[in-house]
Amino acid sequence: MRRPALAAGALAAVLVVGGAAGWAGASAAGEEERALPVPAADSADAGFARDMAVHHQQAVEMSYVVRDRTDDEEVRRLAYDIAQTQANQRGMLLGWLDLWELPKVSADPPMTWMGMGDAAAGEDGALMPGMATDAEMERLGRLNGRQAEVFYLQLMTRHHRGGVHMAEGCVRACEVDTGKRLASGMVEGQESEIRLMAGMLKARGAAARP
């Protein structure tokens, strides 16, 4: 009757030691991250983090809108995947700004870090390349079924193209390796989704918009 108690005690010891080791590893990783050079507020790293966080937020909003406007499982699954992926990435970007103790907003126009501060902002709420206008977001919220699916796929294709352009800019100009790796992954992931959405649009008798 004592053996289960001994086993439980041993397991508890393992969990304590393992937890301590995990905490020590996480703590060491955090200390190492904090020891890295902190980018300046006007750096490409900080500008990318701020602008892509805003860009991603609209993609998340669009994706949740279309999930309520269609019963098509293919579109709903894609929208859910995009929303989850970009919400997680947005959290990472904002977390880096916190870690670097840099502001999450800037007085400079969007895309200044890419040398596009004078031309990046569009009309009607489209702050950066690929972003939907306020009118387009309102229209998406009024459509249902196949019309909502097609319009979402068209908007998200354009949105991804803008996101790829920004991520490629970070790959070229950012200096923090973690940020460059995330940006490179964004390029790969969003280009794959652009190809997927092209097929989905074709199946619905439509095509991407300029």
# chains A, B, ... in the order shown; residues from 1 in each chain; ligands from 1

call {"tool": "residues_around", "arguments": {"residues": "Met52 in chain A", "least_positions_apart": "2", "cutoff": "9 Å", "atoms": "only C-alpha atoms", "output": "list of chain:residue names"}}
result
A:Gly47, A:Phe48, A:Ala49, A:Arg50, A:Val54, A:His55, A:His56, A:Gln57, A:Arg90, A:Leu93, A:Gly163, A:Met166, A:Ala167

call {"tool": "write_last_selection", "arguments": {"atoms": "N, CA, C and O atoms", "output": "PDB file, in the first residue's frame"}}
result
ATOM      1  N   GLY A  47       8.892  49.963 -36.611  1.00  0.00           N
ATOM      2  CA  GLY A  47       7.865  50.370 -37.572  1.00  0.00           C
ATOM      3  C   GLY A  47       7.088  49.184 -38.103  1.00  0.00           C
ATOM      4  O   GLY A  47       5.852  49.242 -38.226  1.00  0.00           O
ATOM      5  N   PHE A  48       7.789  48.102 -38.405  1.00  0.00           N
ATOM      6  CA  PHE A  48       7.124  46.888 -38.884  1.00  0.00           C
ATOM      7  C   PHE A  48       6.189  46.337 -37.818  1.00  0.00           C
ATOM      8  O   PHE A  48       5.036  45.976 -38.113  1.00  0.00           O
ATOM      9  N   ALA A  49       6.662  46.274 -36.574  1.00  0.00           N
ATOM     10  CA  ALA A  49       5.833  45.745 -35.493  1.00  0.00           C
ATOM     11  C   ALA A  49       4.556  46.567 -35.328  1.00  0.00           C
ATOM     12  O   ALA A  49       3.456  46.017 -35.195  1.00  0.00           O
ATOM     13  N   ARG A  50       4.683  47.887 -35.346  1.00  0.00           N
ATOM     14  CA  ARG A  50       3.508  48.748 -35.178  1.00  0.00           C
ATOM     15  C   ARG A  50       2.545  48.615 -36.352  1.00  0.00           C
ATOM     16  O   ARG A  50       1.339  48.426 -36.167  1.00  0.00           O
ATOM     17  N   VAL A  54      -1.424  46.671 -36.806  1.00  0.00           N
ATOM     18  CA  VAL A  54      -2.645  47.327 -37.293  1.00  0.00           C
ATOM     19  C   VAL A  54      -3.197  46.582 -38.504  1.00  0.00           C
ATOM     20  O   VAL A  54      -4.408  46.330 -38.615  1.00  0.00           O
ATOM     21  N   HIS A  55      -2.320  46.222 -39.419  1.00  0.00           N
ATOM     22  CA  HIS A  55      -2.705  45.498 -40.633  1.00  0.00           C
ATOM     23  C   HIS A  55      -3.382  44.175 -40.266  1.00  0.00           C
ATOM     24  O   HIS A  55      -4.442  43.824 -40.799  1.00  0.00           O
ATOM     25  N   HIS A  56      -2.772  43.443 -39.339  1.00  0.00           N
ATOM     26  CA  HIS A  56      -3.318  42.159 -38.910  1.00  0.00           C
ATOM     27  C   HIS A  56      -4.681  42.313 -38.243  1.00  0.00           C
ATOM     28  O   HIS A  56      -5.553  41.456 -38.405  1.00  0.00           O
ATOM     29  N   GLN A  57      -4.864  43.374 -37.476  1.00  0.00           N
ATOM     30  CA  GLN A  57      -6.122  43.552 -36.763  1.00  0.00           C
ATOM     31  C   GLN A  57      -7.299  43.605 -37.730  1.00  0.00           C
ATOM     32  O   GLN A  57      -8.365  43.029 -37.458  1.00  0.00           O
ATOM     33  N   ARG A  90      -0.023  39.161 -34.084  1.00  0.00           N
ATOM     34  CA  ARG A  90      -0.212  40.529 -33.591  1.00  0.00           C
ATOM     35  C   ARG A  90       0.205  40.629 -32.128  1.00  0.00           C
ATOM     36  O   ARG A  90       0.845  41.603 -31.709  1.00  0.00           O
ATOM     37  N   LEU A  93       3.973  40.820 -31.980  1.00  0.00           N
ATOM     38  CA  LEU A  93       4.489  42.124 -32.409  1.00  0.00           C
ATOM     39  C   LEU A  93       4.324  43.169 -31.308  1.00  0.00           C
ATOM     40  O   LEU A  93       5.248  43.937 -31.014  1.00  0.00           O
ATOM     41  N   GLY A 163       0.285  42.721 -47.098  1.00  0.00           N
ATOM     42  CA  GLY A 163       1.030  42.175 -45.983  1.00  0.00           C
ATOM     43  C   GLY A 163       2.348  41.562 -46.420  1.00  0.00           C
ATOM     44  O   GLY A 163       3.381  41.715 -45.745  1.00  0.00           O
ATOM     45  N   MET A 166       4.867  44.297 -47.034  1.00  0.00           N
ATOM     46  CA  MET A 166       5.421  44.813 -45.785  1.00  0.00           C
ATOM     47  C   MET A 166       6.401  43.829 -45.165  1.00  0.00           C
ATOM     48  O   MET A 166       7.485  44.210 -44.687  1.00  0.00           O
ATOM     49  N   ALA A 167       6.039  42.551 -45.150  1.00  0.00           N
ATOM     50  CA  ALA A 167       6.908  41.542 -44.548  1.00  0.00           C
ATOM     51  C   ALA A 167       8.221  41.428 -45.314  1.00  0.00           C
ATOM     52  O   ALA A 167       9.293  41.259 -44.715  1.00  0.00           O
TER      53      ALA A 167
END

call {"tool": "closest_atom_pairs", "arguments": {"of": "range 32-123 of chain A", "to": "range 171-177 of chain A", "cutoff": "9 Å", "atoms": "only C-alpha atoms", "output": "JSON lines"}}
result
{"residue": "A:Leu36", "atom": "CA", "partner": "A:Val176", "partner_atom": "CA", "distance": 8.6}
{"residue": "A:Pro37", "atom": "CA", "partner": "A:Val176", "partner_atom": "CA", "distance": 8.4}
{"residue": "A:Val38", "atom": "CA", "partner": "A:Val176", "partner_atom": "CA", "distance": 8.6}
{"residue": "A:Pro39", "atom": "CA", "partner": "A:Val176", "partner_atom": "CA", "distance": 7.8}
{"residue": "A:Ser43", "atom": "CA", "partner": "A:Cys174", "partner_atom": "CA", "distance": 7.7}
{"residue": "A:Ala44", "atom": "CA", "partner": "A:Cys174", "partner_atom": "CA", "distance": 5.2}
{"residue": "A:Asp45", "atom": "CA", "partner": "A:Cys174", "partner_atom": "CA", "distance": 4.9}
{"residue": "A:Ala46", "atom": "CA", "partner": "A:Cys174", "partner_atom": "CA", "distance": 8.7}
{"residue": "A:Phe48", "atom": "CA", "partner": "A:Cys174", "partner_atom": "CA", "distance": 8.1}
{"residue": "A:Trp113", "atom": "CA", "partner": "A:Ala173", "partner_atom": "CA", "distance": 8.8}
{"residue": "A:Met114", "atom": "CA", "partner": "A:Ala173", "partner_atom": "CA", "distance": 8.2}

call {"tool": "write_last_selection", "arguments": {"atoms": "N, CA, C and O atoms", "output": "mmCIF file, in the first residue's frame"}}
result
data_model
loop_
_atom_site.group_PDB
_atom_site.id
_atom_site.type_symbol
_atom_site.label_atom_id
_atom_site.label_comp_id
_atom_site.auth_asym_id
_atom_site.auth_seq_id
_atom_site.Cartn_x
_atom_site.Cartn_y
_atom_site.Cartn_z
ATOM 1 N N LEU A 36 19.694 41.547 -25.751
ATOM 2 C CA LEU A 36 19.944 41.913 -27.138
ATOM 3 C C LEU A 36 19.776 43.421 -27.320
ATOM 4 O O LEU A 36 19.035 44.066 -26.576
ATOM 5 N N PRO A 37 20.439 43.998 -28.317
ATOM 6 C CA PRO A 37 20.277 45.432 -28.578
ATOM 7 C C PRO A 37 18.810 45.780 -28.833
ATOM 8 O O PRO A 37 18.103 45.059 -29.525
ATOM 9 N N VAL A 38 18.352 46.871 -28.272
ATOM 10 C CA VAL A 38 16.968 47.312 -28.450
ATOM 11 C C VAL A 38 16.896 48.243 -29.654
ATOM 12 O O VAL A 38 17.636 49.220 -29.724
ATOM 13 N N PRO A 39 16.014 47.950 -30.616
ATOM 14 C CA PRO A 39 15.907 48.825 -31.783
ATOM 15 C C PRO A 39 15.379 50.204 -31.395
ATOM 16 O O PRO A 39 14.672 50.357 -30.396
ATOM 17 N N SER A 43 13.141 52.704 -36.007
ATOM 18 C CA SER A 43 13.787 51.633 -36.769
ATOM 19 C C SER A 43 12.771 50.867 -37.607
ATOM 20 O O SER A 43 11.554 50.944 -37.382
ATOM 21 N N ALA A 44 13.280 50.093 -38.566
ATOM 22 C CA ALA A 44 12.409 49.226 -39.353
ATOM 23 C C ALA A 44 11.737 48.183 -38.470
ATOM 24 O O ALA A 44 10.572 47.841 -38.680
ATOM 25 N N ASP A 45 12.465 47.685 -37.471
ATOM 26 C CA ASP A 45 11.904 46.666 -36.576
ATOM 27 C C ASP A 45 10.673 47.203 -35.846
ATOM 28 O O ASP A 45 9.631 46.535 -35.796
ATOM 29 N N ALA A 46 10.797 48.396 -35.259
ATOM 30 C CA ALA A 46 9.681 48.985 -34.521
ATOM 31 C C ALA A 46 8.547 49.378 -35.468
ATOM 32 O O ALA A 46 7.366 49.162 -35.167
ATOM 33 N N PHE A 48 7.789 48.102 -38.405
ATOM 34 C CA PHE A 48 7.124 46.888 -38.884
ATOM 35 C C PHE A 48 6.189 46.337 -37.818
ATOM 36 O O PHE A 48 5.036 45.976 -38.113
ATOM 37 N N TRP A 113 8.854 53.621 -42.145
ATOM 38 C CA TRP A 113 10.040 52.767 -42.014
ATOM 39 C C TRP A 113 10.427 52.104 -43.336
ATOM 40 O O TRP A 113 11.555 51.654 -43.506
ATOM 41 N N MET A 114 9.503 52.068 -44.304
ATOM 42 C CA MET A 114 9.783 51.525 -45.631
ATOM 43 C C MET A 114 10.027 52.632 -46.652
ATOM 44 O O MET A 114 10.126 52.356 -47.847
#

call {"tool": "residues_around", "arguments": {"residues": "range 72-82 of chain A", "least_positions_apart": "5", "cutoff": "7 Å", "atoms": "only C-alpha atoms", "output": "JSON list (two decimals) with all heavy atoms, in the first residue's frame"}}
result
[["chain", "number", "residue", "atom", "x", "y", "z"],
["A", 60, "VAL", "N", -8.15, 40.11, -38.96],
["A", 60, "VAL", "CA", -8.89, 39.38, -37.94],
["A", 60, "VAL", "C", -10.36, 39.80, -37.96],
["A", 60, "VAL", "O", -11.27, 38.96, -37.93],
["A", 60, "VAL", "CB", -8.28, 39.62, -36.54],
["A", 60, "VAL", "CG1", -9.15, 39.01, -35.45],
["A", 60, "VAL", "CG2", -6.86, 39.04, -36.47],
["A", 63, "SER", "N", -12.21, 38.44, -41.00],
["A", 63, "SER", "CA", -12.41, 36.99, -40.91],
["A", 63, "SER", "C", -13.56, 36.64, -40.00],
["A", 63, "SER", "O", -14.36, 35.73, -40.30],
["A", 63, "SER", "CB", -11.11, 36.32, -40.44],
["A", 63, "SER", "OG", -10.08, 36.52, -41.40],
["A", 64, "TYR", "N", -13.69, 37.34, -38.89],
["A", 64, "TYR", "CA", -14.81, 37.06, -38.00],
["A", 64, "TYR", "C", -16.13, 37.54, -38.59],
["A", 64, "TYR", "O", -17.19, 36.94, -38.34],
["A", 64, "TYR", "CB", -14.57, 37.66, -36.62],
["A", 64, "TYR", "CG", -13.63, 36.81, -35.78],
["A", 64, "TYR", "CD1", -12.48, 37.34, -35.24],
["A", 64, "TYR", "CD2", -13.91, 35.46, -35.57],
["A", 64, "TYR", "CE1", -11.61, 36.55, -34.48],
["A", 64, "TYR", "CE2", -13.05, 34.67, -34.82],
["A", 64, "TYR", "CZ", -11.91, 35.21, -34.27],
["A", 64, "TYR", "OH", -11.06, 34.43, -33.54],
["A", 67, "ARG", "N", -17.32, 34.84, -41.10],
["A", 67, "ARG", "CA", -17.76, 33.60, -40.44],
["A", 67, "ARG", "C", -19.22, 33.70, -40.02],
["A", 67, "ARG", "O", -19.90, 32.67, -39.90],
["A", 67, "ARG", "CB", -16.89, 33.30, -39.21],
["A", 67, "ARG", "CG", -15.51, 32.80, -39.55],
["A", 67, "ARG", "CD", -14.80, 32.27, -38.32],
["A", 67, "ARG", "NE", -15.31, 30.95, -37.97],
["A", 67, "ARG", "CZ", -15.41, 30.49, -36.72],
["A", 67, "ARG", "NH1", -15.09, 31.26, -35.70],
["A", 67, "ARG", "NH2", -15.84, 29.28, -36.49],
["A", 149, "GLU", "N", -18.79, 35.40, -49.38],
["A", 149, "GLU", "CA", -17.59, 34.57, -49.56],
["A", 149, "GLU", "C", -16.66, 35.18, -50.61],
["A", 149, "GLU", "O", -15.45, 35.34, -50.38],
["A", 149, "GLU", "CB", -17.99, 33.17, -50.01],
["A", 149, "GLU", "CG", -18.81, 32.39, -48.99],
["A", 149, "GLU", "CD", -19.54, 31.22, -49.62],
["A", 149, "GLU", "OE1", -19.11, 30.77, -50.71],
["A", 149, "GLU", "OE2", -20.55, 30.77, -49.04]]

call {"tool": "select_by_dssp", "arguments": {"residues": "range 15-204 of chain A", "states": "alpha helix (DSSP H)", "output": "ChimeraX atom specification"}}
result
/A:15-35,44-67,73-100,134-142,145-173,177-203

call {"tool": "closest_residue", "arguments": {"among": "A:Val66, A:Cys170, A:Ala207, A:Met116", "to": "Met186 in chain A", "atoms": "only C-alpha atoms"}}
result
A:Cys170

call {"tool": "closest_residue", "arguments": {"among": "A:Gly141, A:Asp51, A:Val65, A:His160", "to": "Gly117 in chain A", "atoms": "only C-alpha atoms"}}
result
A:Asp51

call {"tool": "closest_residue", "arguments": {"among": "A:Leu201, A:Ala53, A:Val150, A:Leu127", "to": "Gly95 in chain A", "atoms": "only C-alpha atoms"}}
result
A:Ala53

call {"tool": "atom_distance", "arguments": {"atom1": "CA of His165 in chain A", "atom2": "CA of Leu102 in chain A"}}
result
23.7 Å

call {"tool": "residues_around", "arguments": {"residues": "Val164 in chain A", "least_positions_apart": "3", "cutoff": "9 Å", "atoms": "only C-alpha atoms", "output": "list in words"}}
result
His159, His160, Arg161, Ala167, Glu168, Gly169, Ala183, Met186, Val187, Glu188, Gln190 and Glu191 of chain A

call {"tool": "atom_distance", "arguments": {"atom1": "CA of Gly205 in chain A", "atom2": "CA of Asp71 in chain A"}}
result
18.2 Å

call {"tool": "closest_residue", "arguments": {"among": "A:Met111, A:Met62, A:Leu99, A:Ala87", "to": "Leu153 in chain A", "atoms": "only C-alpha atoms"}}
result
A:Met62

call {"tool": "closest_residue", "arguments": {"among": "A:Asp118, A:Ala83, A:Met197, A:Lys180", "to": "Phe151 in chain A", "atoms": "only C-alpha atoms"}}
result
A:Met197

call {"tool": "atom_distance", "arguments": {"atom1": "CA of Asp134 in chain A", "atom2": "CA of Pro110 in chain A"}}
result
17.1 Å

call {"tool": "closest_residue", "arguments": {"among": "A:Gly115, A:Pro103, A:Gly189, A:Gln84", "to": "Ala40 in chain A", "atoms": "only C-alpha atoms"}}
result
A:Pro103
